[in-house]
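Engineer: Quick one: structure below, then a few questions.
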Amino acid sequence: MGRIISKNWLRLLFIFLMAFSITLIGGVAAKTLLHSSNSEQNTLTDKGNIPASSDNISENNTPATPTFINLQPTIDAWASTMPGNAGVMIYDLDNQKIAAEYNADEIFNMASVYKLFFVYDGYQQIDAGNDDSSAVVTYDRSKGGNLSLGTCLDLMVRESYNPCADPIRADEERYMRVENFINSTGLTQTSSAGLYSSARDITTFMQILWQHQGIDEENWNKLLDSMLNQPITTYDWRQGLPAGFSVAKVYDKVGWNYTGSYWSIYNDVAFVEFPEQNRHYIIVVLTEGIRSHTPTPVIELGQAIEQAVLTTDINTAQ
């Protein structure tokens with residue numbers, strides 16, 4: 001009897017020790033896994049995979065929309081000293097609203113600004129496969145011989161190059177496409193395939209151009225480069241609105257008529273980007289009768305706008 005009890009006692013003791021060992025090992029393993037999980041969580045946070053909250057970052061990790069700046073007082077002050085006639089509109093692309101306007105519905109001769117309509121159409125036709133960028137448009141010995149459609153679309157903006165623009169505008173199919181585009185988008189103050197228009201209509205067109213529907217990113221970047229990097233040739237294509245900005249990037253297309261003693265027409269249309277402030281504007285300024293050797297009023301407009309934007313942002317940050 002004593003031997004049976006002794007054997008049962010030993011068996012129970014063995015079972016107890018085995019259960020205790022399993023429990024102890026399981027606890028250590030669970031603690032190790034929990035520590036490993038916490039360490040991984042901390043590593044992700046340290047690497048920035050879980051972004052910290054910020055007043056300037058939205059939930060999808062994109063910069064917040066900058067506050068709207070009313071630029072109407074700036075434009076009114078500028079217009080009061082304008083020596084000729086002008087039509088102006090400034091559109092805030094970030095807040096999608098007009099920041100200022102002056103004589104926005106008055107119709108002006110657009111001069112070479114009309115070329116933007118044909119450039120937009122040209123890039124759309126290339127991307128749609130209806131045109132070949134390598135197709136010859138014209139011959140110009142001063143430019144090295146044959147000029148392709150792709151080259152001409154660049155030169156029409158970068159240097160406002162008429163030997164390219166004239167045959168493209170004279171093409172009946174291209175002309176009618178541009179006219180149909182103008183009519184279908186409700187540009188009621190625009191005529192002659194963009195040769196006459198208003199600040200309001202050109203601003204609407206620039207909004208459409210900014211969206212660049214039907215133009216792939218490669219050609220869109222080509223167009224932006226044509227508007228931003230314009231060389232000093234016989235004329236200085238950036239002597240107007242771009243000359244008024246020192247901080248912002250100005251993607252510009254100019255159009256003018258110089259009589260030999262004064263500017264009977266001087267127009268600038270531009271996308272203006274303030275990189276540090278994350279601000280983007282469309283600025284359209286159309287003028288006639290500036291009786292000076294240089295387009296000083298247009299330069300002063302750029303200076304006034306930049307000062308107003310930068311001053312507002314500095315005051316807001318304080």
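Just so we're on the same page: first chain in the structure tokens is A, next is B, and so on; residues restart at 1 for each chain, and ligands are numbered from 1 in the order they show up.
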Neighbours of Lys115 of chain A within 8 Å (only C-alpha atoms; same-chain residues fewer than 6 positions away dropped), as a list in words?
Structural biologist: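 So, after excluding close chain neighbours, the residues are Met156, Val157, Ser160, Ala165 and Gly194 of chain A.
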Engineer: Give me every helix (DSSP H, G or I) residue in segment 201-267 of chain A, going by DSSP on the backbone, as a PyMOL selection string.
Structural biologist: chain A and resi 201-211+217-228+241-244
Engineer: Compare A:Asp132, A:Glu172, A:Glu159, A:Glu179 by their minimum atom-to-atom distance to Tyr235 of chain A, counting only C-alpha atoms, and give me the closest one.
Structural biologist: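 Using only C-alpha atoms, Tyr235 of chain A sits closest to A:Glu159.
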Engineer: Name all residues at most 8 Å from Cys164 of chain A (count only C-alpha atoms; drop same-chain ones fewer than 3 positions away) and give them as number ranges by chain.
Structural biologist: A: 137-138, 147, 152-153, 155-156, 161, 167-168
Engineer: So that I can check the surroundings of segment 287-299 of chain A, please list as an mmCIF file with N, CA, C and O atoms, in the first residue's frame every protein, DNA and RNA residue that reaches within 9 Å of it, counting only C-alpha atoms and ignoring chain neighbours fewer than 4 positions away.
Structural biologist:
```cif
data_model
loop_
_atom_site.group_PDB
_atom_site.id
_atom_site.type_symbol
_atom_site.label_atom_id
_atom_site.label_comp_id
_atom_site.auth_asym_id
_atom_site.auth_seq_id
_atom_site.Cartn_x
_atom_site.Cartn_y
_atom_site.Cartn_z
ATOM 1 N N TRP A 78 -2.541 100.199 -57.709
ATOM 2 C CA TRP A 78 -1.724 100.195 -58.929
ATOM 3 C C TRP A 78 -2.474 100.860 -60.083
ATOM 4 O O TRP A 78 -1.900 101.677 -60.824
ATOM 5 N N THR A 81 -2.486 104.685 -60.692
ATOM 6 C CA THR A 81 -1.304 105.354 -61.247
ATOM 7 C C THR A 81 -0.962 104.852 -62.651
ATOM 8 O O THR A 81 0.034 105.290 -63.226
ATOM 9 N N MET A 82 -1.773 103.948 -63.196
ATOM 10 C CA MET A 82 -1.511 103.362 -64.509
ATOM 11 C C MET A 82 -1.628 104.442 -65.591
ATOM 12 O O MET A 82 -2.666 105.089 -65.729
ATOM 13 N N PRO A 83 -0.572 104.645 -66.411
ATOM 14 C CA PRO A 83 -0.586 105.731 -67.401
ATOM 15 C C PRO A 83 -1.420 105.438 -68.644
ATOM 16 O O PRO A 83 -1.711 106.341 -69.416
ATOM 17 N N GLY A 84 -1.813 104.211 -68.871
ATOM 18 C CA GLY A 84 -2.625 103.853 -70.032
ATOM 19 C C GLY A 84 -3.869 103.112 -69.597
ATOM 20 O O GLY A 84 -4.336 103.252 -68.469
ATOM 21 N N ASN A 85 -4.397 102.305 -70.481
ATOM 22 C CA ASN A 85 -5.574 101.500 -70.169
ATOM 23 C C ASN A 85 -5.132 100.084 -69.819
ATOM 24 O O ASN A 85 -4.143 99.582 -70.350
ATOM 25 N N ALA A 86 -5.876 99.429 -68.928
ATOM 26 C CA ALA A 86 -5.473 98.087 -68.495
ATOM 27 C C ALA A 86 -6.672 97.241 -68.125
ATOM 28 O O ALA A 86 -7.713 97.749 -67.703
ATOM 29 N N GLY A 87 -6.508 95.942 -68.305
ATOM 30 C CA GLY A 87 -7.447 94.947 -67.801
ATOM 31 C C GLY A 87 -6.651 93.911 -67.033
ATOM 32 O O GLY A 87 -5.645 93.399 -67.539
ATOM 33 N N VAL A 88 -7.062 93.624 -65.808
ATOM 34 C CA VAL A 88 -6.278 92.745 -64.935
ATOM 35 C C VAL A 88 -7.186 91.744 -64.243
ATOM 36 O O VAL A 88 -8.307 92.075 -63.856
ATOM 37 N N PHE A 108 -9.257 93.459 -75.333
ATOM 38 C CA PHE A 108 -7.976 93.992 -75.775
ATOM 39 C C PHE A 108 -7.460 93.172 -76.955
ATOM 40 O O PHE A 108 -7.831 92.003 -77.130
ATOM 41 N N ASN A 109 -6.564 93.801 -77.739
ATOM 42 C CA ASN A 109 -5.805 93.057 -78.730
ATOM 43 C C ASN A 109 -4.766 92.230 -77.970
ATOM 44 O O ASN A 109 -3.943 92.777 -77.236
ATOM 45 N N GLN A 239 10.914 91.072 -69.734
ATOM 46 C CA GLN A 239 11.145 92.430 -69.262
ATOM 47 C C GLN A 239 9.931 93.043 -68.565
ATOM 48 O O GLN A 239 10.028 94.112 -67.970
ATOM 49 N N GLY A 240 8.775 92.370 -68.657
ATOM 50 C CA GLY A 240 7.553 92.905 -68.061
ATOM 51 C C GLY A 240 7.252 92.300 -66.705
ATOM 52 O O GLY A 240 8.000 92.486 -65.743
ATOM 53 N N LEU A 241 6.162 91.559 -66.629
ATOM 54 C CA LEU A 241 5.700 90.995 -65.355
ATOM 55 C C LEU A 241 6.775 90.172 -64.642
ATOM 56 O O LEU A 241 6.979 90.348 -63.429
ATOM 57 N N PRO A 242 7.506 89.272 -65.327
ATOM 58 C CA PRO A 242 8.524 88.495 -64.614
ATOM 59 C C PRO A 242 9.587 89.363 -63.935
ATOM 60 O O PRO A 242 10.127 88.980 -62.897
ATOM 61 N N ALA A 243 9.894 90.513 -64.521
ATOM 62 C CA ALA A 243 10.914 91.391 -63.948
ATOM 63 C C ALA A 243 10.474 92.002 -62.625
ATOM 64 O O ALA A 243 11.310 92.500 -61.860
ATOM 65 N N GLY A 244 9.183 91.951 -62.343
ATOM 66 C CA GLY A 244 8.684 92.520 -61.093
ATOM 67 C C GLY A 244 8.767 91.572 -59.911
ATOM 68 O O GLY A 244 8.536 91.975 -58.774
ATOM 69 N N PHE A 245 9.098 90.305 -60.172
ATOM 70 C CA PHE A 245 9.161 89.309 -59.106
ATOM 71 C C PHE A 245 10.609 88.919 -58.842
ATOM 72 O O PHE A 245 11.393 88.730 -59.771
ATOM 73 N N TYR A 258 5.295 97.379 -80.230
ATOM 74 C CA TYR A 258 6.117 98.535 -79.894
ATOM 75 C C TYR A 258 6.187 99.456 -81.108
ATOM 76 O O TYR A 258 6.560 99.025 -82.199
ATOM 77 N N GLY A 260 8.093 101.978 -81.614
ATOM 78 C CA GLY A 260 9.397 102.587 -81.830
ATOM 79 C C GLY A 260 9.674 103.650 -80.800
ATOM 80 O O GLY A 260 10.838 104.025 -80.584
ATOM 81 N N SER A 261 8.621 104.117 -80.135
ATOM 82 C CA SER A 261 8.803 105.105 -79.071
ATOM 83 C C SER A 261 8.000 104.764 -77.818
ATOM 84 O O SER A 261 8.312 105.250 -76.731
ATOM 85 N N TYR A 262 6.962 103.937 -77.958
ATOM 86 C CA TYR A 262 6.195 103.525 -76.782
ATOM 87 C C TYR A 262 5.443 102.226 -77.092
ATOM 88 O O TYR A 262 5.326 101.825 -78.254
ATOM 89 N N TRP A 263 4.931 101.593 -76.037
ATOM 90 C CA TRP A 263 4.189 100.339 -76.166
ATOM 91 C C TRP A 263 2.717 100.640 -76.411
ATOM 92 O O TRP A 263 2.018 101.113 -75.520
ATOM 93 N N SER A 264 2.233 100.392 -77.624
ATOM 94 C CA SER A 264 0.798 100.550 -77.868
ATOM 95 C C SER A 264 0.035 99.370 -77.282
ATOM 96 O O SER A 264 -1.135 99.496 -76.909
ATOM 97 N N ILE A 265 0.695 98.210 -77.200
ATOM 98 C CA ILE A 265 0.132 97.009 -76.571
ATOM 99 C C ILE A 265 1.227 96.364 -75.736
ATOM 100 O O ILE A 265 2.360 96.223 -76.203
ATOM 101 N N TYR A 266 0.908 95.996 -74.512
ATOM 102 C CA TYR A 266 1.819 95.168 -73.724
ATOM 103 C C TYR A 266 0.985 94.268 -72.818
ATOM 104 O O TYR A 266 0.287 94.747 -71.923
ATOM 105 N N ASN A 267 1.057 92.947 -73.086
ATOM 106 C CA ASN A 267 0.285 91.963 -72.330
ATOM 107 C C ASN A 267 1.204 90.926 -71.724
ATOM 108 O O ASN A 267 2.167 90.492 -72.354
ATOM 109 N N ASP A 268 0.888 90.513 -70.505
ATOM 110 C CA ASP A 268 1.575 89.404 -69.852
ATOM 111 C C ASP A 268 0.533 88.489 -69.226
ATOM 112 O O ASP A 268 -0.368 88.962 -68.512
ATOM 113 N N GLN A 303 5.816 93.750 -58.794
ATOM 114 C CA GLN A 303 6.422 94.114 -57.510
ATOM 115 C C GLN A 303 5.364 94.283 -56.422
ATOM 116 O O GLN A 303 5.541 93.812 -55.293
ATOM 117 N N ALA A 304 4.263 94.945 -56.763
ATOM 118 C CA ALA A 304 3.200 95.195 -55.787
ATOM 119 C C ALA A 304 2.538 93.890 -55.338
ATOM 120 O O ALA A 304 2.239 93.706 -54.151
#
```
Engineer: Pick out the residues sitting within 6 Å of Ala111 of chain A, and hand them over as an NGL selection string; count only C-alpha atoms, and ignore anything fewer than 2 positions along from it in its own chain.
Structural biologist: :A and (109 or 113 or 255-256)
Engineer: How would the residues just picked look written out with C-alpha atoms as a PDB file, in the first residue's frame?
Structural biologist:
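Contents of result.pdb, as written:
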```pdb
ATOM      1  CA  ASN A 109      -5.805  93.057 -78.730  1.00  0.00           C
ATOM      2  CA  VAL A 113      -0.684  85.799 -76.323  1.00  0.00           C
ATOM      3  CA  GLY A 255       2.433  89.762 -76.310  1.00  0.00           C
ATOM      4  CA  TRP A 256       3.176  93.316 -77.414  1.00  0.00           C
TER       5      TRP A 256
END
```
Engineer: Skip Leu310 of chain A itself and residues of its chain fewer than 5 positions away, then list as number ranges by chain all residues within 10 Å of it, counting only C-alpha atoms.
Structural biologist: A: 247-248, 274, 277, 305, 315-316
